[in-house]
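So this one's query_2.txt, compact mmCIF, C-alpha atoms:
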# COMPACT_ATOMS: atom_id res chain seq x y z
CA MET A 1 38.28 45.58 69.73
CA GLY A 2 38.35 48.93 68.06
CA ARG A 3 35.52 50.20 70.15
CA ILE A 4 35.96 53.06 72.53
CA SER A 5 36.10 51.91 76.14
CA ASP A 6 33.69 52.91 78.87
CA ASN A 7 36.43 54.77 80.67
CA GLU A 8 37.34 56.76 77.58
CA LEU A 9 33.69 57.62 77.06
CA TYR A 10 33.40 58.71 80.65
CA GLN A 11 36.40 61.00 80.23
CA LEU A 12 34.62 62.63 77.28
CA VAL A 13 31.46 62.95 79.37
CA GLN A 14 33.55 64.86 81.89
CA GLU A 15 34.35 67.30 79.08
CA GLU A 16 30.61 67.69 78.50
CA ASN A 17 30.60 65.71 75.32
CA LYS A 18 26.95 64.86 74.73
CA GLU A 19 27.63 62.20 72.12
CA ALA A 20 29.77 60.32 74.61
CA LEU A 21 26.98 60.29 77.15
CA GLU A 22 24.60 59.14 74.45
CA GLN A 23 26.95 56.30 73.57
CA LEU A 24 27.16 55.22 77.19
CA TYR A 25 23.41 55.48 77.34
CA ASP A 26 22.99 53.23 74.31
CA ARG A 27 25.40 50.74 75.76
CA TYR A 28 23.75 50.47 79.15
CA GLU A 29 20.13 51.48 78.66
CA LYS A 30 18.83 47.96 78.49
CA LEU A 31 20.94 46.51 81.27
CA LEU A 32 20.18 49.37 83.66
CA PHE A 33 16.49 49.37 82.78
CA SER A 34 16.19 45.62 83.20
CA PHE A 35 18.08 45.70 86.48
CA SER A 36 15.93 48.57 87.76
CA TYR A 37 12.85 46.67 86.72
CA LYS A 38 14.03 43.62 88.61
CA ILE A 39 14.16 45.73 91.77
CA LEU A 40 11.23 48.07 91.21
CA LYS A 41 8.91 45.84 89.16
CA GLN A 42 7.39 48.82 87.50
CA LYS A 43 8.27 50.46 84.21
CA GLU A 44 7.74 54.14 84.92
CA LEU A 45 9.69 53.98 88.11
CA SER A 46 12.46 52.07 86.37
CA GLU A 47 12.69 54.80 83.76
CA GLU A 48 12.96 57.33 86.56
CA ALA A 49 15.80 55.32 88.07
CA VAL A 50 17.72 55.16 84.80
CA GLN A 51 17.23 58.88 84.36
CA ASP A 52 18.58 59.55 87.85
CA VAL A 53 21.68 57.54 87.06
CA PHE A 54 22.41 59.45 83.87
CA MET A 55 21.67 62.76 85.59
CA LYS A 56 24.35 61.89 88.11
CA LEU A 57 26.78 60.87 85.37
CA TRP A 58 26.24 64.11 83.51
CA ARG A 59 25.97 66.61 86.31
CA LYS A 60 28.22 65.36 89.08
CA LYS A 61 31.72 65.91 87.91
CA GLY A 62 34.21 63.28 88.92
CA ILE A 63 31.56 60.96 90.29
CA TYR A 64 33.40 58.02 88.78
CA ALA A 65 37.13 57.33 88.93
CA GLU A 66 39.06 54.23 87.99
CA HIS A 67 39.96 53.41 91.58
CA LYS A 68 36.24 52.83 92.15
CA GLY A 69 36.46 49.68 90.09
CA LYS A 70 35.26 48.68 86.67
CA PHE A 71 32.95 51.29 85.17
CA SER A 72 30.13 48.83 84.51
CA SER A 73 30.22 47.44 88.07
CA TRP A 74 30.28 50.92 89.49
CA LEU A 75 27.36 51.97 87.26
CA LEU A 76 25.32 48.99 88.42
CA THR A 77 26.05 49.80 92.06
CA VAL A 78 24.86 53.38 91.53
CA THR A 79 21.75 52.05 89.81
CA ARG A 80 21.00 49.69 92.65
CA ASN A 81 21.36 52.47 95.20
CA VAL A 82 19.01 54.72 93.26
CA CYS A 83 16.47 51.91 92.89
CA ILE A 84 16.56 50.92 96.52
CA ASP A 85 16.04 54.54 97.51
CA LEU A 86 13.03 54.75 95.22
CA LEU A 87 11.74 51.46 96.56
CA ARG A 88 12.03 52.69 100.10
CA LYS A 89 10.28 55.99 99.34
CA GLN A 90 7.47 54.00 97.83
CA THR A 91 7.04 51.73 100.77
CA LYS A 92 7.11 54.71 103.06
CA ASN A 93 4.13 56.15 101.26
CA GLN A 94 2.47 52.76 101.61
CA VAL A 95 1.64 52.77 97.97
CA GLU A 96 0.92 49.41 96.54
CA LEU A 97 1.90 48.85 92.99
CA LEU A 98 -1.31 49.09 91.11
CA GLU A 99 -0.52 47.03 88.14
CA LYS A 100 2.59 45.22 87.29
CA ASP A 101 3.40 45.52 83.66
CA MET A 102 2.63 42.15 82.29
CA ASP A 103 3.27 42.82 78.65
CA ILE A 104 6.98 42.66 78.73
CA GLU A 105 8.61 42.37 75.39
CA ARG A 106 11.89 40.65 74.95
CA THR A 107 13.73 41.52 71.82
CA GLU A 108 17.08 40.98 70.24
CA SER A 109 19.69 43.51 71.19
CA LEU A 110 21.76 45.73 68.98
CA GLU A 111 25.43 45.11 68.75
CA GLU A 112 26.51 48.20 70.65
CA THR A 113 24.30 47.26 73.58
CA VAL A 114 25.51 45.28 76.53
CA THR A 115 23.79 41.90 76.61
CA TRP A 116 23.99 39.24 79.26
CA ASN A 117 22.00 36.24 78.07
CA GLU A 118 24.71 33.72 78.78
CA GLU A 119 25.53 35.07 82.21
CA ARG A 120 21.88 35.06 83.13
CA LYS A 121 21.40 31.44 82.16
CA VAL A 122 24.36 30.26 84.20
CA LEU A 123 23.45 32.52 87.10
CA LYS A 124 19.89 31.27 87.20
CA GLN A 125 21.14 27.73 87.32
CA ALA A 126 23.45 28.68 90.16
CA VAL A 127 20.57 30.31 92.04
CA GLY A 128 18.63 27.09 91.57
CA GLN A 129 21.33 25.33 93.57
CA LEU A 130 20.65 27.47 96.63
CA THR A 131 18.12 26.48 99.25
CA THR A 132 14.84 28.41 99.30
CA GLU A 133 15.98 30.22 102.44
CA GLN A 134 19.21 31.22 100.77
CA GLN A 135 17.37 32.49 97.72
CA GLU A 136 15.06 34.52 99.93
CA ILE A 137 17.86 35.98 101.94
CA VAL A 138 19.71 37.07 98.79
CA ASP A 139 16.55 38.63 97.44
CA LEU A 140 15.79 40.51 100.67
CA PHE A 141 19.33 41.73 101.03
CA TYR A 142 20.33 42.55 97.49
CA PHE A 143 17.17 43.22 95.50
CA LYS A 144 15.04 44.64 98.28
CA GLY A 145 17.76 46.37 100.27
CA TYR A 146 16.48 45.26 103.68
CA SER A 147 18.37 46.09 106.84
CA GLN A 148 20.01 43.30 108.82
CA ALA A 149 17.38 43.71 111.52
CA ASP A 150 14.51 43.40 109.04
CA ILE A 151 16.04 40.32 107.47
CA ALA A 152 16.46 38.76 110.92
CA ASP A 153 12.85 39.53 111.63
CA LYS A 154 11.51 38.24 108.37
CA GLN A 155 13.60 35.08 108.31
CA LYS A 156 13.29 34.48 112.06
CA LEU A 157 17.03 34.47 112.54
CA PRO A 158 19.10 35.89 115.39
CA LEU A 159 20.44 39.27 114.28
CA GLY A 160 24.00 38.16 114.79
CA THR A 161 23.73 35.37 112.25
CA VAL A 162 22.22 37.34 109.37
CA LYS A 163 25.46 38.56 107.90
CA GLY A 164 26.99 35.09 107.97
CA ARG A 165 23.95 33.61 106.25
CA ILE A 166 24.00 36.17 103.46
CA ARG A 167 27.69 35.74 102.96
CA LEU A 168 27.38 31.97 102.81
CA ALA A 169 24.56 32.15 100.26
CA LEU A 170 26.45 34.62 98.08
CA LYS A 171 29.67 32.61 98.24
CA HIS A 172 27.86 29.46 97.32
CA LEU A 173 26.21 31.27 94.42
CA LYS A 174 29.47 32.68 93.21
CA ASN A 175 31.27 29.36 93.31
CA THR A 176 28.53 27.53 91.43
CA TYR A 177 28.45 30.35 88.93
CA ILE A 178 32.16 30.22 88.28
CA LYS A 179 32.08 26.44 87.98
CA GLY A 180 29.23 26.78 85.51
CA GLY A 181 31.45 28.95 83.36
CA GLY A 182 30.15 32.37 84.36
CA LYS A 183 32.16 35.08 82.66
CA ARG A 184 31.67 38.19 84.67
CA GLY A 185 32.68 38.96 88.18
CA MET B 186 38.38 48.68 116.16
CA ASP B 187 34.95 49.87 117.09
CA LYS B 188 32.94 46.69 116.85
CA LYS B 189 29.63 48.52 116.95
CA MET B 190 30.62 50.55 113.93
CA CYS B 191 31.81 47.49 112.05
CA ASP B 192 28.41 45.89 112.62
CA GLN B 193 26.77 48.65 110.60
CA LEU B 194 28.66 47.80 107.46
CA LEU B 195 25.88 45.87 105.79
CA ASP B 196 23.29 48.52 106.56
CA TYR B 197 25.69 51.10 105.20
CA TYR B 198 26.03 49.01 102.07
CA ASN B 199 22.26 48.96 101.71
CA GLY B 200 21.93 52.70 102.29
CA ILE B 201 19.85 52.30 105.42
CA LEU B 202 21.82 54.55 107.76
CA SER B 203 20.63 58.07 108.48
CA ASP B 204 22.79 60.94 107.25
CA GLU B 205 24.57 61.27 110.58
CA GLU B 206 25.10 57.54 110.95
CA LYS B 207 26.38 57.41 107.42
CA ALA B 208 28.86 60.22 108.01
CA ALA B 209 30.03 58.55 111.20
CA PHE B 210 30.42 55.24 109.47
CA GLU B 211 32.36 56.75 106.60
CA ALA B 212 34.71 58.40 109.08
CA HIS B 213 35.18 55.03 110.74
CA LEU B 214 35.67 53.31 107.41
CA LYS B 215 38.68 55.47 106.61
CA ASP B 216 40.53 54.12 109.63
CA CYS B 217 39.27 50.56 109.64
CA PRO B 218 41.12 48.31 107.21
CA SER B 219 38.96 45.35 108.08
CA CYS B 220 35.78 47.24 107.12
CA GLN B 221 37.40 48.42 103.91
CA GLU B 222 38.31 44.87 103.09
CA GLU B 223 34.89 43.61 103.97
CA LEU B 224 33.15 46.25 101.89
CA ALA B 225 35.24 45.24 98.91
CA GLU B 226 34.29 41.66 99.61
CA TRP B 227 30.56 42.46 99.55
CA GLU B 228 30.98 44.35 96.33
CA GLU B 229 32.78 41.40 94.86
CA LEU B 230 30.23 38.88 96.10
CA THR B 231 27.31 40.81 94.65
CA SER B 232 28.89 41.96 91.42
CA ASP B 233 27.20 39.31 89.26
CA LEU B 234 23.72 39.66 90.68
CA PRO B 235 22.50 42.44 88.35
CA TYR B 236 22.92 40.00 85.49
CA LEU B 237 20.16 37.86 86.96
CA SER B 238 17.70 40.43 85.62
CA ASP B 239 15.57 39.34 82.69
CA GLU B 240 16.18 41.42 79.60
CA ILE B 241 13.43 43.96 79.32
CA GLU B 242 12.89 46.28 76.41
CA PRO B 243 12.83 49.90 77.60
CA PRO B 244 9.61 51.81 76.81
CA ASN B 245 9.25 53.71 73.56
CA GLY B 246 10.81 57.13 73.63
CA MET B 247 12.66 56.55 76.88
CA LYS B 248 16.01 57.49 75.40
CA GLN B 249 14.75 60.78 74.07
CA ARG B 250 12.94 61.63 77.29
CA ILE B 251 15.91 60.87 79.47
CA LEU B 252 18.54 62.57 77.35
CA THR B 253 16.35 65.65 76.93
CA ASN B 254 15.92 65.87 80.68
CA VAL B 255 19.58 65.26 81.37
CA PHE B 256 20.79 67.89 78.90
CA GLU B 257 18.05 70.32 79.80
CA ASP B 258 19.20 73.86 80.48
CA GLU B 259 17.30 76.45 82.38
CA LYS B 260 14.66 77.60 79.97
CA SER B 261 11.82 80.05 80.31
CA VAL B 262 8.72 78.77 81.97
CA GLU B 263 5.79 78.71 79.70
CA THR B 264 2.68 76.80 80.31
CA GLU B 265 1.10 75.73 77.14
CA GLU B 266 -2.56 75.48 77.58
CA THR B 267 -4.83 73.87 75.13
CA ASN B 268 -8.08 74.27 76.91
CA ARG B 269 -11.00 72.91 75.05
CA SER B 270 -14.69 72.98 75.54
CA ALA B 271 -15.93 69.99 77.37
CA THR B 272 -17.82 67.16 75.90
CA SER B 273 -19.84 65.06 78.22
CA ILE B 274 -19.88 61.47 77.28
CA THR B 275 -21.34 58.54 79.00
CA ASP B 276 -19.21 55.52 78.84
CA ILE B 277 -21.96 53.29 77.60
CA ASP B 278 -19.98 50.10 77.81
CA SER B 279 -18.94 50.59 81.35
CA VAL B 280 -22.46 51.47 82.41
CA ARG B 281 -23.75 48.37 80.75
CA ASN B 282 -21.12 46.10 82.16
CA GLU B 283 -20.95 47.29 85.68
CA THR B 284 -23.39 47.43 88.48
CA PRO B 285 -24.04 51.02 89.44
CA ARG B 286 -22.53 50.59 92.87
CA LYS B 287 -19.23 49.43 91.60
CA LYS B 288 -16.77 52.11 90.73
CA SER B 289 -15.00 51.69 87.46
CA GLY B 290 -11.90 49.56 87.85
CA TRP B 291 -10.06 52.15 85.84
CA LEU B 292 -10.06 54.40 88.82
CA THR B 293 -10.54 52.57 92.06
CA GLY B 294 -6.97 51.43 92.43
CA LEU B 295 -5.61 54.83 91.69
CA LEU B 296 -7.94 56.56 94.01
CA ALA B 297 -6.91 54.22 96.74
CA ALA B 298 -3.30 55.00 96.05
CA GLY B 299 -4.01 58.70 95.85
CA LEU B 300 -5.78 58.61 99.15
CA LEU B 301 -2.96 56.81 100.85
CA LEU B 302 -0.55 59.33 99.50
CA SER B 303 -2.69 62.22 100.54
CA LEU B 304 -2.73 61.03 104.13
CA GLY B 305 0.88 62.02 104.39
CA MET B 306 0.14 65.33 102.83
CA ASN B 307 -2.67 66.51 105.03
CA ALA B 308 -0.55 69.05 106.79
CA TYR B 309 0.72 70.46 103.55
CA LEU B 310 -2.75 70.42 102.07
CA PHE B 311 -4.07 72.31 105.03
CA ALA B 312 -1.45 74.99 104.55
CA GLU B 313 -2.19 75.13 100.84
CA ASN B 314 -5.89 75.51 101.52
CA GLU B 315 -5.27 78.40 103.82
CA LYS B 316 -3.10 80.10 101.25
CA ASN B 317 -5.71 79.57 98.59
CA GLU B 318 -8.45 81.01 100.67
CA GLN B 319 -6.53 84.17 101.39
CA VAL B 320 -5.94 84.87 97.74
CA ILE B 321 -9.41 83.96 96.76
CA GLU B 322 -11.15 86.19 99.27
CA GLU B 323 -9.66 89.21 97.61
CA GLN B 324 -11.07 88.12 94.30
CA MET B 325 -14.48 87.55 95.84
CA SER B 326 -14.30 83.98 94.70
CA LYS B 327 -15.06 81.02 96.79
CA THR B 328 -13.06 77.86 96.93
CA TYR B 329 -15.38 74.99 97.36
CA LYS B 330 -12.88 72.29 97.45
CA SER B 331 -9.19 71.88 97.03
CA VAL B 332 -7.48 68.56 96.80
CA GLN B 333 -3.90 67.46 96.45
CA LEU B 334 -2.96 65.39 93.46
CA ALA B 335 -0.01 63.07 93.62
CA SER B 336 1.41 60.37 91.50
CA GLU B 337 2.45 57.06 92.95
CA GLN B 338 4.88 56.52 90.12
CA SER B 339 6.81 59.72 89.89
CA ASP B 340 7.40 63.08 91.54
CA SER B 341 4.45 64.55 89.68
CA ALA B 342 2.12 66.41 91.95
CA GLY B 343 -0.49 69.08 91.79
CA ILE B 344 -3.51 70.67 93.29
CA ALA B 345 -7.06 70.77 92.00
CA SER B 346 -9.53 73.35 93.25
CA MET B 347 -13.17 74.06 92.58
CA VAL B 348 -13.54 77.81 92.58
CA GLN B 349 -16.79 79.70 92.22
CA LYS B 350 -16.72 83.13 90.65
CA ASP B 351 -19.58 85.15 89.15
CA GLU B 352 -22.00 82.28 89.48
CA LYS B 353 -19.65 80.05 87.54
CA MET B 354 -17.82 77.05 88.85
CA ASN B 355 -14.24 76.71 87.70
CA LEU B 356 -11.92 73.79 88.06
CA VAL B 357 -8.37 74.99 88.52
CA VAL B 358 -5.64 72.39 88.19
CA GLN B 359 -1.97 73.11 88.66
CA THR B 360 0.67 70.47 88.29
CA HIS B 361 4.41 70.20 88.48
CA ASN B 362 7.12 67.61 87.81
CA MET B 363 5.05 66.16 85.00
CA THR B 364 6.79 63.75 82.64
CA GLN B 365 7.25 65.31 79.20
CA VAL B 366 4.84 64.35 76.45
CA GLN B 367 5.84 63.15 73.03
CA GLY B 368 4.32 64.01 69.67
CA LYS B 369 0.57 64.41 69.95
CA GLU B 370 0.37 63.21 73.53
CA VAL B 371 -1.33 65.43 76.07
CA TYR B 372 -2.49 65.35 79.64
CA GLN B 373 -6.25 65.29 79.99
CA VAL B 374 -8.13 66.32 83.10
CA TRP B 375 -11.34 64.42 83.88
CA LEU B 376 -14.16 65.09 86.27
CA ILE B 377 -15.75 61.88 87.39
CA GLU B 378 -19.27 61.28 88.53
CA GLY B 379 -20.05 57.64 89.18
CA ASP B 380 -19.06 55.81 86.04
CA LYS B 381 -19.11 58.89 83.85
CA LYS B 382 -16.02 60.78 82.93
CA TYR B 383 -16.20 64.33 81.68
CA ARG B 384 -13.39 66.06 79.85
CA ALA B 385 -12.28 69.00 81.91
CA GLY B 386 -9.32 70.55 80.15
CA THR B 387 -6.26 69.45 78.25
CA PHE B 388 -2.71 70.57 78.78
CA ILE B 389 0.88 70.00 77.80
CA PRO B 390 3.54 70.63 80.44
CA ASP B 391 6.33 73.07 79.74
CA GLU B 392 9.97 72.04 79.70
CA LYS B 393 10.11 72.16 83.46
CA GLY B 394 7.14 69.86 83.79
CA ASN B 395 4.69 72.52 84.96
CA GLY B 396 1.21 72.50 83.53
CA ALA B 397 -2.06 74.16 84.44
CA VAL B 398 -5.67 74.30 83.38
CA VAL B 399 -8.55 76.59 84.21
CA PHE B 400 -11.78 74.99 83.17
CA THR B 401 -15.29 76.36 83.46
CA VAL B 402 -17.58 73.62 84.61
CA ASN B 403 -20.91 74.10 82.93
CA PHE B 404 -22.19 70.70 82.03
CA PRO B 405 -25.98 70.70 81.79
CA GLY B 406 -27.87 69.32 84.76
CA GLU B 407 -26.94 68.74 88.38
CA HIS B 408 -23.66 67.06 89.12
CA LYS B 409 -22.04 65.68 92.17
CA TRP B 410 -18.40 65.13 91.31
CA ASP B 411 -16.74 62.16 92.92
CA ALA B 412 -13.22 62.60 91.73
CA VAL B 413 -10.80 64.40 89.53
CA ALA B 414 -8.16 62.58 87.52
CA ILE B 415 -5.39 63.37 85.08
CA SER B 416 -4.50 60.89 82.38
CA HIS B 417 -1.72 60.76 79.87
CA GLU B 418 -3.45 60.50 76.50
CA PRO B 419 -2.00 59.49 73.13
CA THR B 420 -3.82 62.36 71.38
CA PRO B 421 -5.87 65.39 72.47
CA ASP B 422 -8.99 63.79 71.03
CA SER B 423 -9.76 61.09 73.56
CA LYS B 424 -13.44 61.29 74.36
CA GLN B 425 -12.89 58.74 77.05
CA PRO B 426 -9.62 58.00 78.82
CA LYS B 427 -7.43 55.75 76.73
CA GLY B 428 -4.12 56.34 78.38
CA THR B 429 -2.95 55.70 81.90
CA ILE B 430 -4.06 57.77 84.83
CA VAL B 431 -1.16 59.59 86.35
CA MET B 432 -2.89 61.29 89.22
CA ALA B 433 -6.29 61.19 90.81
CA SER B 434 -8.02 62.34 93.93
CA ASN B 435 -11.48 62.11 95.44
CA LEU B 436 -13.38 65.36 95.57
Final structure tokens representation of the file:
Amino acid sequence: MGRISDNELYQLVQEENKEALEQLYDRYEKLLFSFSYKILKQKELSEEAVQDVFMKLWRKKGIYAEHKGKFSSWLLTVTRNVCIDLLRKQTKNQVELLEKDMDIERTESLEETVTWNEERKVLKQAVGQLTTEQQEIVDLFYFKGYSQADIADKQKLPLGTVKGRIRLALKHLKNTYIKGGGKRG
Amino acid sequence: MDKKMCDQLLDYYNGILSDEEKAAFEAHLKDCPSCQEELAEWEELTSDLPYLSDEIEPPNGMKQRILTNVFEDEKSVETEETNRSATSITDIDSVRNETPRKKSGWLTGLLAAGLLLSLGMNAYLFAENEKNEQVIEEQMSKTYKSVQLASEQSDSAGIASMVQKDEKMNLVVQTHNMTQVQGKEVYQVWLIEGDKKYRAGTFIPDEKGNGAVVFTVNFPGEHKWDAVAISHEPTPDSKQPKGTIVMASNL
């Protein structure tokens, strides 16, 4: 492909190469911001989340290693953890979101930027195949970061069955996604 | 294997465990192949989910802000202060459009949020007040009021105090962890009385996000201030708030 891989860029970041971090930033800015927004539903907070992630990348030496899996998957996991922490801090302070940004622009992406239009389409179709309860349980677990106990409470399920329900929903989703021609994963 | 430990896996995955629980779980994880396997399974099962997110264009200037902050070295602390004389303006439109009882929508939500936040800060505020009073007694000044400012969107926080000295009332605002401004943008402090907003100092935070304003309050006539707010303005010339409010508190 001729383009420098994520892992190679990360190695350069380790050597404090600012351009390499910038390149990683350009590659993942939109994906990480969009993902953060999906969890946090608020632009300023999403920016904070993305900043946290890049702070970690830059300042914490050796935070990523190949045995931790694909760089992009690892980066998304870190982003989710940061977002869920922020989400939890917010709820703790009982602060309601004052205004959700309604004026969301969607624009074409540059070539060097990760895009995921196709995946999203297929994934959304796959989500549509889940029951409402399954969709809710995935949302509570993955995008809201609820504990098992809170999910049990909210969905009126015995605690012992929560894990099984989530797993079933996710497996179903994955299978439909793969059948639909989903690329990633 | 310790079944109880294994049951915590999902809560570990979601970062819910306390520090001790987390450490205990991680110790357990090292010796529990079934948990290791299961953790990998959860990672695998969820790996596509981020791609469900709608594509959203990041805000203008985000790249520059983030990279500047990330690459930031320790630099000297300087607070740039661009204090200006105040102009009192009545927001004619809002007076016309709103019943006098109703607080401007621009603020109510934020004040509510600020108040909620400040509940958790009462103890801290109390300590701050005590500190302030000690200092101020020496200067023969009197602190009339001191309120905590906090942002619901970021770590930005501050304190606003009304201090009387030599017959003059001063508004002292100190902030920290402010988001950097770009180009002509500034932070503008406002004193609010009913529907009217009065400019009460302009500032730009330093590289560390600290910013402060000392503003002499001498608007003609009697005033009973309801609130103080800080907004992020596109230029230093806003006669009325155009940007978003970042912090506010009732006085």
Contacts of Thr401 (chain B) within 12 Å, only C-alpha atoms, excl. fewer than 4 positions in-chain, as number ranges by chain: B: 268-271, 346-358, 376, 384-386
Leu31 (chain A) surroundings by all atoms listed in the file, 9 Å radius, close-in-sequence under 6 positions cut, as number ranges by chain: A: 76, 113-116; B: 235-236, 238, 240-241
Contact set, chain B to chain A: 9 Å, only C-alpha atoms, as a ChimeraX atom specification: /B:193,195-196,198-201,227-244,247-248,250-252,254-256,294-295,297-299,301-302,304-305,337-339
Point-to-point distance from CA of Val78 (chain A) to CA of Tyr28 (chain A), Å rounded to tenths: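 Between these atoms lies a distance of 12.8 Å.
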Minimum-distance residue to Thr131 (chain A), chosen among A:Asp6, A:Arg27, A:Leu168, A:Glu19 (using all atoms listed in the file): A:Leu168
Å distance separating CA of Pro421 (chain B) from CA of Pro390 (chain B), one decimal place: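 Computing the Euclidean distance for CA of Pro421 (chain B) and CA of Pro390 (chain B) yields 13.4 Å.
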